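In what follows, a single structure is set out as structure tokens and then discussed.
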Amino acid sequence: SQPLFGSQPWGGSQSLLGSQPWGGGPSPCWGPTVPVPPPGNAAVLVAPPAAVLPLLLLAELGGEGAALPPGVLNVLAGPPGLPRALRDHPGIRAVTWIGAAEQDDLRCHLWGSPLRGPRLGGGPRGGRVVVIVLDSADLDSAAAAAATLPRGGCVLLAQDSVAAPLERRLRARLGRLRLGDPTDPRTEVGPLAPETPLPEELLWEAREEGAQVFQVPLPPLPGRGQRFYPPTLISGVAPTSRCLREPVPGPVLVLLPVRGPSEAVAVASALPHAAAAALWAQDITVALDTADRLPQGLVSLNSLDLLDPSTGGTDLDEALREFGCPPWEQPPEVEEPLSPSVTLDDPGDPELAQAVAAARGAAPGWGRLPGASRARVLRGAAAALPGGPGTPEDGDRSDTGGSLRGALLRWAERAERAGGTVQEMPGGRALLTRRPLGVLGVAWGWPRSLALELLLPALALGNAVVVVAPSGGAGAAQRLRKALVAAGLPAGALTVLPGASRCSGSRLARQRPDGLWLCGGDADCDWASAVSVPCVWGVPAGLLGAPGQDLPPGAERELELRCTRPRCLWLPGGAP
């Protein structure tokens, strides 16, 4: 295959399809979402027999008129044993799983070796939208947008002073929605897909907790209305209610009052499966400040028309694919969903637990610094580094002088230039930026000295890094840390711990960092530990090149993407 548009293909890729539950909207059944092979790659789609027909049609259409070369898109149907048998195929370079969360047993088998670069999906694409309505908001506009019942569910966080009038408007809007045939363009709410459970249990629990449940009476509907569910508004819920901890299936809105913007950000940050956010406020200063503090990768101001600026589409799912925080990057169980994230102490690894806790304390301040401030720290460290290579007594033969100083200066320049881009789109503007992951764990398992160039992009772009590496090559890493701290790096932002590489990935994963890089076959990580880490990456051996040499072309961009998250702020209006 040939790379397209300057992209770097992985090689062969295997995509495993599962079921896609319904999330709202007029369609009677949302079928499986087909992943398009990244440019320059070939794909093998494995699906159960019940879901394979549309995929076979897709493959047939792709071959007509030589739209795709033979062998680029391949579809196989078979039982669960088929993907298990394919997971170890030497031609497979990346694995994507799209399926229901209850199929964890199959995902566990598909994990295989994370060093081959899998991207795991623990659920359907998309997720709930968090809508924040502040006291300066246009309530009619906010109610009209929320009443469109965003696919995946919607939680509204309304400031106390406007919660009651917003609830009245929401009830009125929901009462005017048109239910009916999903093929009718006038229909606003259609039936639920056959496999979608009714939310009766969640609503019963909400009533038992003292919440108010408003439901629109169902009109006469086709098919005796068996799969239709009335538009529903749940208000007065407790902050620990199950309808906040879990997405509510069907056309259901959940309304929760908050005291102000800070509390709204705290609740939105703790809600699981919150894929995107929308903010309603006429005070632009408060709106931008609140939007900047939200953790969601896709935020819209005074609008729910969440566009994907990379394609110009208007489908929320498409935007979430690139900019959102999909459910597969959420831990599967959240015991206290409205509490801040904390590091769990591992009684068997207190030193590592302390290092991750220190990194978690340093990450917010370091990540919020302007790129120019972080660049000054990197340049100061480059000037303070010794001029020669590491000594044999350190067990380190890497060039800590020239190549490392050059890498520090290059990443200082990139940190200064890092910023956002504005794309003019029909209906508004999209501000595209990238944010640091937070705490990044690096498990080093290759039989060579720790490549310090691997750590610099993560630090330059605002992350705190905890490294577990064999003690033989730690001398240069400690000198780098000393130079960086002397230049202004927070002490907890970089920690290098000596330790055996065997299962070092699992040790780091049990501390729940925000990202985990696995370097080498010994730095393996089991599924039970890795599932709690949002971003896991098996670093390819060819990414670093030979010791003492510059990274190969495209490697710096790949490192930059792997230690940051994309963010899109959608500003409606003001564009042709």
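For the structure tokens, the naming scheme is as follows: chains receive sequential letters (A, B, ...) according to their order of presentation, residues are indexed from 1 within each chain, and ligands are indexed from 1 in presentation order.
The shell of residues at most 10 Å from Arg410 in chain A, with only C-alpha atoms counted and near chain neighbours (fewer than 5 positions) removed, consists of Ala375, Leu378, Arg379, Leu404, Arg405, Ala415, Leu456, Pro457, Ala460 and Glu556 of chain A.
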Write the residues you've just listed into a file as an mmCIF file, in the first residue's frame, and include N, CA and C atoms for each of them.
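Contents of selection36.cif, freshly written:
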data_model
loop_
_atom_site.group_PDB
_atom_site.id
_atom_site.type_symbol
_atom_site.label_atom_id
_atom_site.label_comp_id
_atom_site.auth_asym_id
_atom_site.auth_seq_id
_atom_site.Cartn_x
_atom_site.Cartn_y
_atom_site.Cartn_z
ATOM 1 N N ALA A 375 9.620 26.046 27.302
ATOM 2 C CA ALA A 375 10.780 26.095 26.416
ATOM 3 C C ALA A 375 12.003 26.663 27.136
ATOM 4 N N LEU A 378 13.604 23.895 29.127
ATOM 5 C CA LEU A 378 14.356 22.958 28.299
ATOM 6 C C LEU A 378 15.678 23.564 27.836
ATOM 7 N N ARG A 379 15.672 24.832 27.466
ATOM 8 C CA ARG A 379 16.914 25.470 27.023
ATOM 9 C C ARG A 379 17.899 25.608 28.187
ATOM 10 N N LEU A 404 21.465 14.813 22.909
ATOM 11 C CA LEU A 404 20.431 15.160 23.878
ATOM 12 C C LEU A 404 20.230 16.666 23.943
ATOM 13 N N ARG A 405 21.332 17.433 23.910
ATOM 14 C CA ARG A 405 21.169 18.896 23.897
ATOM 15 C C ARG A 405 20.432 19.334 22.640
ATOM 16 N N ALA A 415 7.761 23.485 21.598
ATOM 17 C CA ALA A 415 6.890 23.922 22.689
ATOM 18 C C ALA A 415 6.489 25.374 22.511
ATOM 19 N N LEU A 456 11.448 13.623 26.201
ATOM 20 C CA LEU A 456 11.416 15.072 26.011
ATOM 21 C C LEU A 456 10.101 15.588 25.436
ATOM 22 N N PRO A 457 9.485 14.939 24.431
ATOM 23 C CA PRO A 457 8.214 15.483 23.942
ATOM 24 C C PRO A 457 7.136 15.510 25.002
ATOM 25 N N ALA A 460 8.018 18.472 27.254
ATOM 26 C CA ALA A 460 7.894 19.746 26.553
ATOM 27 C C ALA A 460 6.448 20.148 26.354
ATOM 28 N N GLU A 556 8.888 12.331 15.576
ATOM 29 C CA GLU A 556 8.578 13.401 16.522
ATOM 30 C C GLU A 556 7.095 13.752 16.486
#
If we count only C-alpha atoms, what is near Gly573 in chain A at a cut-off of 12 Å, once residues fewer than 4 positions away on the same chain are taken out, given as a PyMOL selection string? chain A and resi 300-303+305+424-430
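Distances to Pro513 in chain A were evaluated for A:Ala530, A:Leu149, A:Cys243, A:Leu177 using only C-alpha atoms, and the minimum falls at A:Ala530.
The interatomic distance for the pair CA of Arg481 in chain A and CA of Pro566 in chain A works out to 27.8 Å.
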From a DSSP pass on the backbone, collect the residues of range 171-286 of chain A flagged as alpha helix (DSSP H) and hand them back as a PyMOL selection string. chain A and resi 171-175+200-208+242-245+261-270+284-286
Write the residues you've just listed into a file as a short mmCIF file (atom, residue, chain, number, x, y, z; two decimals), in the first residue's frame, and include N, CA, C and O atoms for each of them.
data_model
loop_
_atom_site.label_atom_id
_atom_site.label_comp_id
_atom_site.auth_asym_id
_atom_site.auth_seq_id
_atom_site.Cartn_x
_atom_site.Cartn_y
_atom_site.Cartn_z
N ARG A 171 -39.70 20.98 29.61
CA ARG A 171 -40.96 20.21 29.59
C ARG A 171 -41.83 20.63 28.41
O ARG A 171 -42.43 19.78 27.74
N ALA A 172 -41.88 21.93 28.17
CA ALA A 172 -42.70 22.40 27.05
C ALA A 172 -42.13 21.91 25.72
O ALA A 172 -42.88 21.48 24.83
N ARG A 173 -40.82 21.96 25.57
CA ARG A 173 -40.19 21.52 24.31
C ARG A 173 -40.38 20.02 24.10
O ARG A 173 -40.67 19.57 22.99
N LEU A 174 -40.17 19.22 25.14
CA LEU A 174 -40.34 17.78 25.00
C LEU A 174 -41.77 17.43 24.63
O LEU A 174 -42.02 16.48 23.88
N GLY A 175 -42.74 18.18 25.16
CA GLY A 175 -44.12 17.91 24.85
C GLY A 175 -44.50 18.17 23.41
O GLY A 175 -45.51 17.65 22.92
N GLU A 200 -36.56 1.64 32.54
CA GLU A 200 -37.51 1.67 33.64
C GLU A 200 -36.83 1.50 34.99
O GLU A 200 -37.21 2.14 35.98
N GLU A 201 -35.82 0.63 35.06
CA GLU A 201 -35.15 0.40 36.34
C GLU A 201 -34.44 1.66 36.83
O GLU A 201 -34.51 2.01 38.02
N LEU A 202 -33.76 2.37 35.92
CA LEU A 202 -33.09 3.60 36.30
C LEU A 202 -34.09 4.66 36.75
O LEU A 202 -33.86 5.39 37.72
N LEU A 203 -35.21 4.75 36.04
CA LEU A 203 -36.22 5.73 36.43
C LEU A 203 -36.85 5.39 37.77
O LEU A 203 -37.13 6.27 38.59
N TRP A 204 -37.07 4.09 38.02
CA TRP A 204 -37.62 3.69 39.32
C TRP A 204 -36.66 4.06 40.45
O TRP A 204 -37.09 4.56 41.50
N GLU A 205 -35.36 3.82 40.25
CA GLU A 205 -34.38 4.18 41.28
C GLU A 205 -34.35 5.69 41.50
O GLU A 205 -34.21 6.15 42.64
N ALA A 206 -34.45 6.45 40.40
CA ALA A 206 -34.44 7.91 40.56
C ALA A 206 -35.65 8.38 41.37
O ALA A 206 -35.53 9.25 42.24
N ARG A 207 -36.83 7.80 41.10
CA ARG A 207 -38.02 8.17 41.89
C ARG A 207 -37.84 7.80 43.35
O ARG A 207 -38.24 8.57 44.25
N GLU A 208 -37.25 6.63 43.62
CA GLU A 208 -37.04 6.22 45.00
C GLU A 208 -36.09 7.16 45.73
O GLU A 208 -36.20 7.33 46.95
N ARG A 242 -27.71 6.88 40.10
CA ARG A 242 -27.27 5.96 39.05
C ARG A 242 -27.46 6.56 37.67
O ARG A 242 -26.69 6.27 36.75
N CYS A 243 -28.47 7.41 37.50
CA CYS A 243 -28.69 7.99 36.17
C CYS A 243 -27.61 9.01 35.82
O CYS A 243 -27.53 9.44 34.66
N LEU A 244 -26.78 9.41 36.78
CA LEU A 244 -25.59 10.21 36.47
C LEU A 244 -24.37 9.32 36.29
O LEU A 244 -23.49 9.63 35.49
N ARG A 245 -24.32 8.22 37.02
CA ARG A 245 -23.18 7.32 36.90
C ARG A 245 -23.20 6.54 35.60
O ARG A 245 -22.15 6.17 35.08
N PRO A 261 -20.06 28.11 37.89
CA PRO A 261 -19.20 27.51 36.87
C PRO A 261 -18.19 26.51 37.44
O PRO A 261 -17.94 25.47 36.84
N SER A 262 -17.59 26.82 38.60
CA SER A 262 -16.58 25.91 39.15
C SER A 262 -17.18 24.56 39.50
O SER A 262 -16.59 23.51 39.22
N GLU A 263 -18.36 24.56 40.11
CA GLU A 263 -19.00 23.29 40.44
C GLU A 263 -19.43 22.56 39.17
O GLU A 263 -19.35 21.33 39.09
N ALA A 264 -19.87 23.30 38.17
CA ALA A 264 -20.24 22.66 36.90
C ALA A 264 -19.04 21.96 36.27
O ALA A 264 -19.16 20.84 35.76
N VAL A 265 -17.86 22.61 36.30
CA VAL A 265 -16.66 21.98 35.76
C VAL A 265 -16.29 20.75 36.55
O VAL A 265 -15.92 19.70 35.98
N ALA A 266 -16.42 20.81 37.88
CA ALA A 266 -16.07 19.65 38.71
C ALA A 266 -16.99 18.47 38.42
O ALA A 266 -16.53 17.33 38.31
N VAL A 267 -18.28 18.72 38.29
CA VAL A 267 -19.22 17.64 38.02
C VAL A 267 -19.00 17.09 36.62
O VAL A 267 -18.98 15.87 36.40
N ALA A 268 -18.83 17.98 35.63
CA ALA A 268 -18.60 17.53 34.26
C ALA A 268 -17.31 16.73 34.15
O ALA A 268 -17.21 15.80 33.34
N SER A 269 -16.30 17.06 34.96
CA SER A 269 -15.04 16.34 34.92
C SER A 269 -15.18 14.94 35.50
O SER A 269 -14.44 14.03 35.12
N ALA A 270 -16.11 14.76 36.44
CA ALA A 270 -16.23 13.47 37.13
C ALA A 270 -17.28 12.56 36.50
O ALA A 270 -17.30 11.37 36.82
N ILE A 284 -19.19 36.26 27.58
CA ILE A 284 -18.18 35.55 26.82
C ILE A 284 -16.93 35.28 27.65
O ILE A 284 -16.25 34.25 27.47
N THR A 285 -16.59 36.17 28.59
CA THR A 285 -15.41 35.94 29.43
C THR A 285 -15.60 34.72 30.30
O THR A 285 -14.73 33.85 30.38
N VAL A 286 -16.76 34.63 30.96
CA VAL A 286 -17.05 33.47 31.80
C VAL A 286 -17.16 32.21 30.95
O VAL A 286 -16.69 31.13 31.33
#
